[in-house]
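Take a look at the structure set out below.
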Amino acid sequence: MKDHLGFYKSWASSFPIGQIIYKVTEPYTVESVGTDFLVLKSSKDGSVVRIFRNTEESYEFTASPQVS
């Protein structure tokens, strides 16, 4: 995936609060951001998830929706 979150050098400057990122096609809103983590809120069910840089879970998220 060309826009995988790992390609962004600084999550803190690349993903401001309120920005939408995607897990496949499901949108998540950035609620909080740090150097190596993002707190995201699902637009689908309102659940909150924290992802850390270079973890297996972070590889599921991209900056744009993924279309098959």
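Each chain in the structure tokens gets a letter, A, B, ..., in the order shown, and its residues are numbered from 1; ligands are numbered from 1 in order too.
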
Lys23 (chain A) surroundings by only C-alpha atoms, 8 Å radius, close-in-sequence under 2 positions cut, as a PyMOL selection string: chain A and resi 21+25-28+60-62+65

Residues flagged helix (DSSP H, G or I) by DSSP in chain A, as a PyMOL selection string: chain A and resi 5-7+11-14+57-60

Could you turn the residues from that selection into a file that holds all heavy atoms, as a tab-separated table (two decimals), in the first residue's frame?
chain	number	residue	atom	x	y	z
A	5	LEU	N	0.50	4.16	6.74
A	5	LEU	CA	0.89	5.17	7.73
A	5	LEU	C	2.38	5.15	8.06
A	5	LEU	O	2.94	6.18	8.42
A	5	LEU	CB	0.09	4.98	9.02
A	5	LEU	CG	-1.43	5.09	8.90
A	5	LEU	CD1	-2.06	5.03	10.27
A	5	LEU	CD2	-1.85	6.33	8.16
A	6	GLY	N	3.02	4.00	7.90
A	6	GLY	CA	4.45	3.90	8.19
A	6	GLY	C	5.33	4.73	7.28
A	6	GLY	O	6.48	5.01	7.60
A	7	PHE	N	4.81	5.13	6.12
A	7	PHE	CA	5.60	5.95	5.20
A	7	PHE	C	5.67	7.42	5.63
A	7	PHE	O	6.42	8.19	5.07
A	7	PHE	CB	5.04	5.86	3.78
A	7	PHE	CG	5.27	4.52	3.14
A	7	PHE	CD1	4.21	3.75	2.72
A	7	PHE	CD2	6.56	4.04	2.97
A	7	PHE	CE1	4.42	2.51	2.13
A	7	PHE	CE2	6.79	2.80	2.38
A	7	PHE	CZ	5.72	2.04	1.97
A	11	TRP	N	4.00	11.25	12.57
A	11	TRP	CA	2.56	11.13	12.69
A	11	TRP	C	1.97	12.40	13.29
A	11	TRP	O	0.89	12.83	12.92
A	11	TRP	CB	2.20	9.94	13.55
A	11	TRP	CG	2.28	8.62	12.83
A	11	TRP	CD1	2.78	8.40	11.58
A	11	TRP	CD2	1.87	7.37	13.32
A	11	TRP	NE1	2.68	7.07	11.26
A	11	TRP	CE2	2.13	6.41	12.32
A	11	TRP	CE3	1.30	6.94	14.50
A	11	TRP	CZ2	1.84	5.07	12.47
A	11	TRP	CZ3	1.01	5.60	14.66
A	11	TRP	CH2	1.28	4.67	13.65
A	12	ALA	N	2.69	13.02	14.22
A	12	ALA	CA	2.18	14.22	14.89
A	12	ALA	C	1.92	15.36	13.91
A	12	ALA	O	0.94	16.08	14.04
A	12	ALA	CB	3.14	14.65	15.99
A	13	SER	N	2.78	15.52	12.90
A	13	SER	CA	2.57	16.61	11.95
A	13	SER	C	1.77	16.16	10.73
A	13	SER	O	1.18	16.99	10.04
A	13	SER	CB	3.91	17.21	11.51
A	13	SER	OG	4.69	16.25	10.83
A	14	SER	N	1.71	14.87	10.45
A	14	SER	CA	1.02	14.38	9.26
A	14	SER	C	-0.47	14.13	9.48
A	14	SER	O	-1.24	14.16	8.54
A	14	SER	CB	1.66	13.08	8.77
A	14	SER	OG	2.99	13.30	8.39
A	57	GLU	N	-0.88	-4.08	13.85
A	57	GLU	CA	-2.16	-3.38	13.69
A	57	GLU	C	-2.02	-2.10	12.87
A	57	GLU	O	-2.90	-1.77	12.07
A	57	GLU	CB	-2.75	-3.05	15.06
A	57	GLU	CG	-4.14	-2.47	14.96
A	57	GLU	CD	-4.78	-2.26	16.30
A	57	GLU	OE1	-4.08	-1.98	17.28
A	57	GLU	OE2	-6.01	-2.37	16.35
A	58	SER	N	-0.91	-1.39	13.02
A	58	SER	CA	-0.74	-0.13	12.28
A	58	SER	C	-0.68	-0.35	10.77
A	58	SER	O	-1.03	0.54	9.99
A	58	SER	CB	0.50	0.62	12.74
A	58	SER	OG	1.69	0.03	12.27
A	59	TYR	N	-0.29	-1.54	10.35
A	59	TYR	CA	-0.20	-1.84	8.92
A	59	TYR	C	-1.57	-2.00	8.27
A	59	TYR	O	-1.68	-2.06	7.06
A	59	TYR	CB	0.65	-3.07	8.67
A	59	TYR	CG	2.12	-2.80	8.86
A	59	TYR	CD1	2.73	-2.98	10.10
A	59	TYR	CD2	2.90	-2.32	7.81
A	59	TYR	CE1	4.07	-2.70	10.28
A	59	TYR	CE2	4.24	-2.04	7.99
A	59	TYR	CZ	4.82	-2.24	9.23
A	59	TYR	OH	6.14	-1.95	9.42
A	60	GLU	N	-2.62	-2.05	9.08
A	60	GLU	CA	-3.98	-2.17	8.55
A	60	GLU	C	-4.57	-0.81	8.18
A	60	GLU	O	-5.62	-0.75	7.56
A	60	GLU	CB	-4.87	-2.85	9.60
A	60	GLU	CG	-4.43	-4.26	9.95
A	60	GLU	CD	-5.22	-4.84	11.10
A	60	GLU	OE1	-6.18	-4.20	11.57
A	60	GLU	OE2	-4.87	-5.95	11.53

Interatomic distance (Å, one decimal) between CA of Tyr22 (chain A) and CA of Phe37 (chain A): 15.1 Å

Sel. of strand (DSSP E or B) residues, chain A, as a VMD selection string: chain A and resid 4 20 to 23 26 to 33 37 to 42 48 to 52 61 to 62

Ser47 (chain A) surroundings by only C-alpha atoms, 12 Å radius, close-in-sequence under 5 positions cut, as an NGL selection string: :A and (27-29 or 31 or 39-42)

Long-range neighbours of Asp36 (chain A) as a ChimeraX atom specification, 9 Å cut-off, only C-alpha atoms, 5 positions minimum in chain: /A:10-12,51-54

Please produce a file of the residues just selected, as a short mmCIF file (atom, residue, chain, number, x, y, z; two decimals), in the first residue's frame, where the atoms kept are N, CA and C atoms.
data_model
loop_
_atom_site.label_atom_id
_atom_site.label_comp_id
_atom_site.auth_asym_id
_atom_site.auth_seq_id
_atom_site.Cartn_x
_atom_site.Cartn_y
_atom_site.Cartn_z
N SER A 10 6.52 11.77 10.42
CA SER A 10 6.01 12.24 11.70
C SER A 10 4.50 12.13 11.74
N TRP A 11 4.00 11.25 12.57
CA TRP A 11 2.56 11.13 12.69
C TRP A 11 1.97 12.40 13.29
N ALA A 12 2.69 13.02 14.22
CA ALA A 12 2.18 14.22 14.89
C ALA A 12 1.92 15.36 13.91
N ILE A 51 -3.31 2.98 18.07
CA ILE A 51 -2.35 2.21 17.29
C ILE A 51 -0.96 2.82 17.47
N PHE A 52 0.04 1.97 17.44
CA PHE A 52 1.42 2.39 17.59
C PHE A 52 2.17 2.13 16.29
N ARG A 53 3.13 2.98 16.00
CA ARG A 53 3.94 2.88 14.79
C ARG A 53 4.65 1.53 14.72
N ASN A 54 4.71 0.97 13.52
CA ASN A 54 5.43 -0.26 13.22
C ASN A 54 4.95 -1.47 14.02
#

Given only C-alpha atoms as the counted atoms, nearest of A:Gln19, A:His4, A:Lys9, A:Val30 to Val49 (chain A): A:Val30

Shortest interatomic distance to Thr55 (chain A) - which of A:Leu38, A:Val33, A:Ser43, A:Val67, counting only C-alpha atoms: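 The answer is A:Leu38, which sits nearest to Thr55 (chain A).
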